[in-house]
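Report on the structure given below.
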Amino acid sequence: MHVIPQLVVSTLLLGGIYALIAVGLTLIFGVMRVVNFAHGEFLMLAMYLAFWCFALLRLDPYVTLVLSLPLIFGAGWLSYRLVMRPVIHASHNVQVFTTVGLSIALQNLALVLWTADAHFIRTPYYAVVVRLGGAAFNLAQTVAFVIAVLATAALFAFLRWSYTGKIMRATAQDRQAAALMGIDTGRVYSLTWAVGVTCVGVAGVLLAPVYPVYPTAGLQFVLIAYVAVVLGGLGDMAGALIASLIVATVEVVGSYLIGTAWKEVLYLLLFIAILVVRPAGLFGQRGAEAIGT
Amino acid sequence: MRHAKWLVAVIGVVTLGLGVGAFVQAQQGLSGEYKIGVLEPLTGNLAAEGKRHLEGMEIMRDLINERFGGVMGKKLTFVVGDAVDPTVAASEATRLATQGGVKIITGTFSSTLCGAASEAAARQGVIYWETSCVDPRLTKRGLKNIYRTEIDGTGFGWYNIEFIAKHLSHRLGKKPNELRIAYLSEDSSYGQSVTETARQRAKQEFGMQETGVEYYTFTTNDLTPVILKLKGQNPDILHHIARNQDAILFWRQAREQNFEVKAVVHAGATGYGSPDFGKAFGNDANGPFALIEPGVGFLIEKLRPEGQRIERAYREAVKAKTGNEIAGGHQLAGGGLWVLKLVLDAAKTDDPDKFRAAVMALDMPTGSGLNGWGVKFDENGQNSNPRVQHYMLQWQNGQLVTVWPEEFTTGRGKWIPLGPWDQRK
C-alpha cells in the first residue's frame, strides 16, 4: 500500500511527458490527416536546442523555452513550406514516405553535426526532488507535467473558441467545403503544422533536463505517443491527454505488478482491445476524425 | 659549457633524425595494402558506442601501420559499413564481402548485431572477427570461420561473482552465502547471458541469496516501478547489466527514490562502463562498479614486456587522437584488432584454413597483449575466458578507476558500502 502514492505520481509524470508529445501529433493528424513520422526528430532537435543554449550560453532550459518559441514555430512553418506543402494533396503513401524521409534526414543531420554521443544538461536543480505524502516528485518532470496539462487545455480552448481554431476545425471536417467558403486551407495547414511542431518543440526543451540528448532520442517517446493519439481518437486533444495517462498507468502499474518486460505487451494489448471495441479510439468519432469533438 | 650545449643539440638532432627515419622506414617498408571490412553501428541507437569502437580500430590501424610493420608487411586499410540493426548488419556484411572484396570482416560490438553479421559473413565464406559482442551463442553455431577475442557473457558473469565473493563480501563484513543479491538487466542476449551466468554461479558455488530478477527493454522511459520493487527486496548488492541511457535513467531515479544498496556491479563497456555515465552525473556518479578493460590506476609495468609496449603505445595514441583517457570501446576494438594483426602476420595469408591454423597455434600468456589480455582460442573460435584478464573499475569523481584485482592497480575501491547518496564524495 505504501507504494501507491509513488505509483500514482510516476504515472502522472510519465503520462505528462507522453501527452506533451501526443498533442502536437494529434493536432497535425486531426487537421491535415498527415501522420507525421518526423515528430520524434522535431522533439530531438528541440532537446539539442536546449542543450546548446545551456552549454554555450548558459541559458536555463526554461529561459530557452520562452525565448525559442518563435524560433521553433518558424522552423515548423519553414519545414512545412519546404517539405510538406508540395505533398499535402498527394496520396497518403507519398506523405508517409515524405515524413519518414524527413525523419531519417533530420536524424542523420544531427548525427553528422553533433555526433552520436549523448549530451546532458545538469542544471543546479537537476537532482531536486520534492517529497510529499510518501511520493517523490522530480522537479523538472513535474514542470513538464503541469505544462502538458496547460498546453493541452490551451490548444483545446484555441480550437474550440477562437476564430482561427474554428477555421482549422472547418478545414479538418471538409477541406473542399472550407475552401469553397473562402478559407485559405494552405495557410491553415502551414499554421497547423507549425503549431504541432511548436508543441513537440516545447516537449523537447522540457525533456532535455530529464533525459539524455542524442540523435535518436525522439524514437523512444514517439512510438508511445502514436499509441496515445490513436487510442484517444485521432485529432482529439483531450483524448490524447487521457490516453497518454492510460498508457502510462498500464506501463507503471504493469511494471510493478507483473514485470517491466511485460509493459509493452500490456499497453499494446489494451490498445488492440480498445480499438476492437471502439475503432475510432476512446473519444474519436467514427469516420470523422475531427478535432474538438 | 659551450661544447656541452653543442653536444646536446647534436644528439637531439641525430635522435630526431633517427626517429623520423625509423618512421619513414616503417611506412616505406610496407609493400601494398591489405584491406579488411569493419562493421559497426554508426547511426541509430547504438551509434555512440559503435563510433567509439570504430575510432579505436582506426587508432590501432594507424599504430600498426606506423610502428608495427602493418599486417603481413602491408599497409592495413578499412572498408567501413554501418550496421544500424541486425538486418542492415547482415546486408552490409554481404556487401563488404561481395563488393568490397574483403576476406575478413571485423566488428560489430553489439550482441544485437554480431549474430546476423557473422551469419552473413559465413555465407559469403569470409572470416568474421568479433572484438566486443559477448553473446555466448556467437561461437556455438558450428561456423568454423568465426572468432571472438573478447570473453563472452558467461565470462562477464563469472568475473562479477568472483569480485563480489572474493572482494566485496569481506569489505561488507559478510560471508558470500550471507549476501543478498538482486539482478536487474536489459533484455538482450548480452544482459541475459551475463545475468544468468552470474545467478547460476552465485547460487551454486557460493550459496548467495537471490532477492529477485527483472529484465527490461533498454529504451524504457521509466524505471521507478522497478526501483520500488527493489526497495521492497532490500538487497545488499544490485547486479545491474545496462546498455547506456537505461543506466543513466536508473541512477537518476534511484537517487530520487532514495534507493540505497551496498554496491552496484555491472559488466561491459556500455551502461556504467561507458564514459556517458560519468558525463551525465559528474561526481554524483560515484560508486558503481563496471567490469571492463583497465582504466585509471592500472599498473602497466605488471604486464609482460610485449604487453607493456603495445599498451603504452595505444594509450598514448588514443590520448593524442581524442584528447581523452582511453575508453572501454577503444580497448575492446584495439585489443581485438591487435590480435588479428598477430594472427595475419603468423599465417601470412587470409586463406581460411591457414588462417584458422594460425589462430589455433597462437598461444600468448595473460599480460602479453593489449589490456593485459592473453590468447588461446578454443575449437569454436572463442578466446579463452581465463586468459582475457578483466578488471573491475569504479566511478570515482568523474573517472573510471581500476580497483580490482588489486595487484594490477594503484586504485582502491571506495564507498563500500555505498552509504547515503549525499555522502559519496
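Identifiers for the C-alpha cells are assigned positionally: chains receive A, B, ... in sequence, residues are indexed from 1 per chain, and ligands are indexed from 1 in the order shown.
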Shell around His92 in chain A at 9 Å using only C-alpha atoms, local window under 5 positions removed, as a PyMOL selection string: chain A and resi 33-35+97
May I have the selected residues written with N, CA and C atoms, as an mmCIF file, in the first residue's frame?
data_model
loop_
_atom_site.group_PDB
_atom_site.id
_atom_site.type_symbol
_atom_site.label_atom_id
_atom_site.label_comp_id
_atom_site.auth_asym_id
_atom_site.auth_seq_id
_atom_site.Cartn_x
_atom_site.Cartn_y
_atom_site.Cartn_z
ATOM 1 N N ARG A 33 -4.692 15.376 -41.646
ATOM 2 C CA ARG A 33 -4.754 13.938 -41.977
ATOM 3 C C ARG A 33 -3.377 13.415 -42.392
ATOM 4 N N VAL A 34 -2.336 14.004 -41.828
ATOM 5 C CA VAL A 34 -0.975 13.555 -42.132
ATOM 6 C C VAL A 34 -0.389 12.917 -40.866
ATOM 7 N N VAL A 35 0.092 11.687 -40.999
ATOM 8 C CA VAL A 35 0.785 11.064 -39.869
ATOM 9 C C VAL A 35 2.248 11.500 -39.964
ATOM 10 N N PHE A 97 5.918 8.483 -46.949
ATOM 11 C CA PHE A 97 7.315 8.404 -47.376
ATOM 12 C C PHE A 97 8.039 9.735 -47.124
#
Just need the residues of chain A within 8 Å of chain B, counting only C-alpha atoms, so spit them out as a tab-separated table (two decimals) with N, CA and C atoms, in the first residue's frame.
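For reference, out-v3.tsv as written:
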chain	number	residue	atom	x	y	z
A	3	VAL	N	3.41	1.96	-1.52
A	3	VAL	CA	3.97	2.36	-2.81
A	3	VAL	C	2.93	3.04	-3.71
A	7	LEU	N	3.40	5.26	-7.15
A	7	LEU	CA	2.95	4.75	-8.46
A	7	LEU	C	2.03	5.77	-9.14
A	10	SER	N	4.28	8.63	-10.37
A	10	SER	CA	5.06	8.21	-11.53
A	10	SER	C	4.19	8.14	-12.78
A	14	LEU	N	4.93	10.49	-16.02
A	14	LEU	CA	5.23	9.83	-17.29
A	14	LEU	C	4.14	10.14	-18.32
A	108	ASN	N	19.98	11.93	-39.21
A	108	ASN	CA	21.36	11.84	-39.69
A	108	ASN	C	22.05	13.20	-39.72
A	111	LEU	N	23.30	13.55	-36.37
A	111	LEU	CA	24.45	12.65	-36.20
A	111	LEU	C	25.72	13.27	-36.78
A	115	THR	N	27.51	14.43	-33.61
A	115	THR	CA	27.96	13.04	-33.31
A	115	THR	C	26.87	12.26	-32.56
A	116	ALA	N	27.14	10.98	-32.37
A	116	ALA	CA	26.14	10.12	-31.71
A	116	ALA	C	26.24	10.17	-30.19
A	117	ASP	N	27.23	10.89	-29.67
A	117	ASP	CA	27.42	10.95	-28.22
A	117	ASP	C	26.19	11.56	-27.54
A	118	ALA	N	25.89	11.01	-26.38
A	118	ALA	CA	24.79	11.57	-25.60
A	118	ALA	C	25.28	12.82	-24.87
A	119	HIS	N	24.42	13.82	-24.80
A	119	HIS	CA	24.74	15.05	-24.07
A	119	HIS	C	23.75	15.22	-22.91
A	120	PHE	N	24.18	15.97	-21.93
A	120	PHE	CA	23.36	16.08	-20.72
A	120	PHE	C	23.31	17.53	-20.25
A	121	ILE	N	22.14	17.88	-19.73
A	121	ILE	CA	22.01	19.20	-19.12
A	121	ILE	C	21.93	18.99	-17.62
A	122	ARG	N	22.93	19.51	-16.93
A	122	ARG	CA	22.90	19.38	-15.47
A	122	ARG	C	22.69	20.76	-14.87
A	127	ALA	N	18.87	17.59	-9.61
A	127	ALA	CA	18.61	16.49	-8.68
A	127	ALA	C	17.59	16.87	-7.61
A	129	VAL	N	14.38	17.03	-5.71
A	129	VAL	CA	13.22	16.15	-5.62
A	129	VAL	C	12.31	16.68	-4.53
A	136	ALA	N	7.86	10.81	-4.31
A	136	ALA	CA	8.93	11.74	-4.70
A	136	ALA	C	8.61	12.32	-6.07
A	137	PHE	N	8.71	13.65	-6.20
A	137	PHE	CA	8.45	14.33	-7.47
A	137	PHE	C	9.76	14.88	-8.00
A	138	ASN	N	10.13	14.48	-9.20
A	138	ASN	CA	11.27	15.13	-9.86
A	138	ASN	C	10.79	16.49	-10.33
A	211	TYR	N	16.17	13.81	-19.65
A	211	TYR	CA	16.70	12.66	-20.39
A	211	TYR	C	17.94	13.07	-21.20
A	212	PRO	N	18.82	12.08	-21.51
A	212	PRO	CA	19.99	12.39	-22.34
A	212	PRO	C	19.57	12.84	-23.74
A	215	PRO	N	20.97	11.71	-31.11
A	215	PRO	CA	20.20	11.80	-32.36
A	215	PRO	C	18.93	10.96	-32.44
A	216	THR	N	18.87	9.84	-31.72
A	216	THR	CA	17.65	9.03	-31.80
A	216	THR	C	16.80	9.17	-30.53
A	220	GLN	N	12.28	6.85	-28.69
A	220	GLN	CA	11.78	6.09	-27.56
A	220	GLN	C	10.48	6.68	-26.98
A	221	PHE	N	10.17	7.91	-27.37
A	221	PHE	CA	8.93	8.51	-26.89
A	221	PHE	C	7.82	8.48	-27.93
A	252	VAL	N	3.32	1.77	-15.78
A	252	VAL	CA	3.83	1.85	-14.41
A	252	VAL	C	3.27	0.72	-13.54
A	253	VAL	N	1.96	0.56	-13.56
A	253	VAL	CA	1.34	-0.46	-12.70
A	253	VAL	C	1.72	-1.86	-13.19
A	255	SER	N	4.42	-2.70	-14.83
A	255	SER	CA	5.83	-2.94	-14.48
A	255	SER	C	5.97	-3.36	-13.04
A	256	TYR	N	5.19	-2.72	-12.18
A	256	TYR	CA	5.32	-3.02	-10.75
A	256	TYR	C	4.71	-4.38	-10.40
A	259	GLY	N	5.85	-7.10	-14.23
A	259	GLY	CA	7.26	-7.10	-14.63
A	259	GLY	C	7.48	-6.11	-15.75
A	260	THR	N	8.63	-5.46	-15.74
A	260	THR	CA	8.91	-4.42	-16.73
A	260	THR	C	8.94	-5.00	-18.15
A	261	ALA	N	9.39	-6.24	-18.27
A	261	ALA	CA	9.47	-6.86	-19.59
A	261	ALA	C	8.10	-6.95	-20.25
Range 69-218 of chain A: residues DSSP assigns to strand (DSSP E or B), reported as a PyMOL selection string: chain A and resi 119+129-132+135-138+213
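In this comparison, which uses only C-alpha atoms, the residue of B:Ser189, B:Thr195, B:Asn177, B:Gln394 approaching Leu291 in chain B most closely is B:Gln394.
Of the listed residues (A:Ile104, A:Val205, A:Ala248, A:Leu150), A:Val205 comes nearest to Phe54 in chain A; the distances count only C-alpha atoms.
Residues in contact range of range 55-59 of chain A, defined as at most 12 Å between only C-alpha atoms, with sequence neighbours fewer than 2 positions away removed, read Tyr48, Leu49, Ala50, Phe51, Trp52, Cys53, Pro61, Tyr62, Val63, Thr64, Leu65, Val66, Leu67, Ser68, His119, Phe120, Ile121, Arg122, Thr123, Pro124 and Val205 of chain A.
Using only C-alpha atoms, the smallest distance between any of A:Leu132, A:Ala157, A:Ala170, A:Leu78 and Met32 in chain A comes from A:Ala170.
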Contacts of range 189-202 of chain A at 6 Å (only C-alpha atoms; same-chain gap of 2+ positions) as a CSV table (one decimal) with C-alpha atoms, in the first residue's frame:
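Contents of result.csv, freshly written:
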chain,number,residue,atom,x,y,z
A,21,ILE,CA,4.4,14.8,-27.4
A,24,GLY,CA,1.1,18.1,-31.4
A,28,ILE,CA,-1.4,17.6,-37.2
A,43,LEU,CA,11.5,16.6,-30.4
A,46,ALA,CA,14.4,20.9,-29.6
A,72,ILE,CA,10.6,26.6,-33.1
A,73,PHE,CA,7.4,28.0,-34.6
A,76,GLY,CA,7.9,24.3,-38.1
A,77,TRP,CA,6.5,26.8,-40.6
A,80,TYR,CA,6.0,22.9,-43.9
A,186,GLY,CA,-2.9,26.3,-47.4
A,187,ARG,CA,-2.4,28.8,-44.6
A,204,GLY,CA,11.7,18.6,-26.3
A,205,VAL,CA,13.0,21.7,-24.4
Members of range 23-250 of chain B assigned alpha helix (DSSP H) by DSSP, as a PyMOL selection string: chain B and resi 23-28+47-67+86-98+114-123+153-163+169-171+189-204+224-233+245-250
Output C-alpha atoms for every residue in that selection, as a compact mmCIF listing (two decimals), in the first residue's frame.
# COMPACT_ATOMS: atom_id res chain seq x y z
CA PHE B 23 59.04 6.22 -39.01
CA VAL B 24 59.61 6.76 -42.73
CA GLN B 25 61.28 3.36 -42.96
CA ALA B 26 58.34 1.73 -41.18
CA GLN B 27 55.94 3.35 -43.64
CA GLN B 28 58.12 2.70 -46.67
CA ALA B 47 25.89 4.66 -32.74
CA ALA B 48 27.70 6.31 -29.83
CA GLU B 49 29.45 3.10 -28.80
CA GLY B 50 29.80 1.95 -32.44
CA LYS B 51 31.65 5.14 -33.33
CA ARG B 52 33.89 4.75 -30.31
CA HIS B 53 34.75 1.23 -31.46
CA LEU B 54 35.48 2.45 -34.99
CA GLU B 55 37.67 5.19 -33.54
CA GLY B 56 39.55 2.57 -31.53
CA MET B 57 40.00 0.46 -34.67
CA GLU B 58 41.31 3.42 -36.66
CA ILE B 59 43.77 4.43 -33.96
CA MET B 60 45.08 0.87 -33.72
CA ARG B 61 45.23 0.58 -37.53
CA ASP B 62 47.37 3.70 -37.77
CA LEU B 63 49.58 2.48 -34.95
CA ILE B 64 50.05 -0.88 -36.65
CA ASN B 65 50.95 0.80 -39.94
CA GLU B 66 53.25 3.43 -38.45
CA ARG B 67 55.07 1.49 -35.75
CA PRO B 86 20.56 -6.79 -37.47
CA THR B 87 19.01 -6.69 -40.96
CA VAL B 88 21.36 -3.97 -42.16
CA ALA B 89 24.29 -5.65 -40.40
CA ALA B 90 23.68 -8.77 -42.50
CA SER B 91 23.27 -6.85 -45.76
CA GLU B 92 26.35 -4.72 -45.06
CA ALA B 93 28.41 -7.82 -44.26
CA THR B 94 27.32 -9.27 -47.59
CA ARG B 95 28.17 -6.01 -49.37
CA LEU B 96 31.63 -5.82 -47.81
CA ALA B 97 32.33 -9.39 -48.88
CA THR B 98 30.90 -9.23 -52.39
CA CYS B 114 27.01 -9.80 -34.22
CA GLY B 115 24.83 -12.86 -34.81
CA ALA B 116 23.31 -11.52 -38.03
CA ALA B 117 26.56 -10.02 -39.32
CA SER B 118 28.58 -13.18 -38.70
CA GLU B 119 25.93 -15.40 -40.27
CA ALA B 120 26.02 -13.31 -43.46
CA ALA B 121 29.82 -13.32 -43.45
CA ALA B 122 29.85 -17.09 -43.09
CA ARG B 123 27.51 -17.46 -46.09
CA GLY B 153 28.78 -13.12 -21.46
CA THR B 154 29.40 -16.18 -19.31
CA GLY B 155 32.88 -14.82 -18.61
CA PHE B 156 31.41 -11.48 -17.53
CA GLY B 157 29.00 -13.21 -15.15
CA TRP B 158 31.81 -15.37 -13.79
CA TYR B 159 34.08 -12.40 -13.12
CA ASN B 160 31.35 -10.34 -11.48
CA ILE B 161 30.57 -13.06 -8.96
CA GLU B 162 34.29 -13.60 -8.40
CA PHE B 163 34.59 -9.91 -7.49
CA SER B 169 31.84 -9.75 0.72
CA HIS B 170 34.64 -9.23 3.24
CA ARG B 171 34.57 -5.46 2.68
CA SER B 189 21.37 -11.65 -25.19
CA TYR B 190 24.19 -9.58 -23.65
CA GLY B 191 22.25 -8.82 -20.50
CA GLN B 192 20.65 -12.23 -20.27
CA SER B 193 23.85 -14.24 -20.70
CA VAL B 194 25.75 -12.20 -18.11
CA THR B 195 22.88 -12.23 -15.64
CA GLU B 196 22.01 -15.91 -15.94
CA THR B 197 25.67 -16.97 -15.60
CA ALA B 198 26.08 -14.75 -12.56
CA ARG B 199 22.90 -16.11 -10.99
CA GLN B 200 23.97 -19.68 -11.51
CA ARG B 201 27.48 -19.23 -10.12
CA ALA B 202 26.34 -17.09 -7.18
CA LYS B 203 23.83 -19.71 -6.13
CA GLN B 204 25.68 -22.94 -6.86
CA THR B 224 10.56 3.85 -10.90
CA PRO B 225 8.33 0.73 -10.54
CA VAL B 226 11.44 -1.47 -10.68
CA ILE B 227 13.15 0.64 -8.04
CA LEU B 228 10.11 0.40 -5.78
CA LYS B 229 10.27 -3.38 -6.08
CA LEU B 230 14.00 -3.37 -5.35
CA LYS B 231 13.42 -1.26 -2.24
CA GLY B 232 10.97 -3.90 -1.06
CA GLN B 233 13.54 -6.66 -1.62
CA GLN B 245 20.56 5.53 -21.31
CA ASP B 246 18.99 2.96 -19.01
CA ALA B 247 21.92 3.16 -16.57
CA ILE B 248 21.55 6.94 -16.50
CA LEU B 249 17.78 6.75 -16.04
CA PHE B 250 18.11 4.14 -13.29
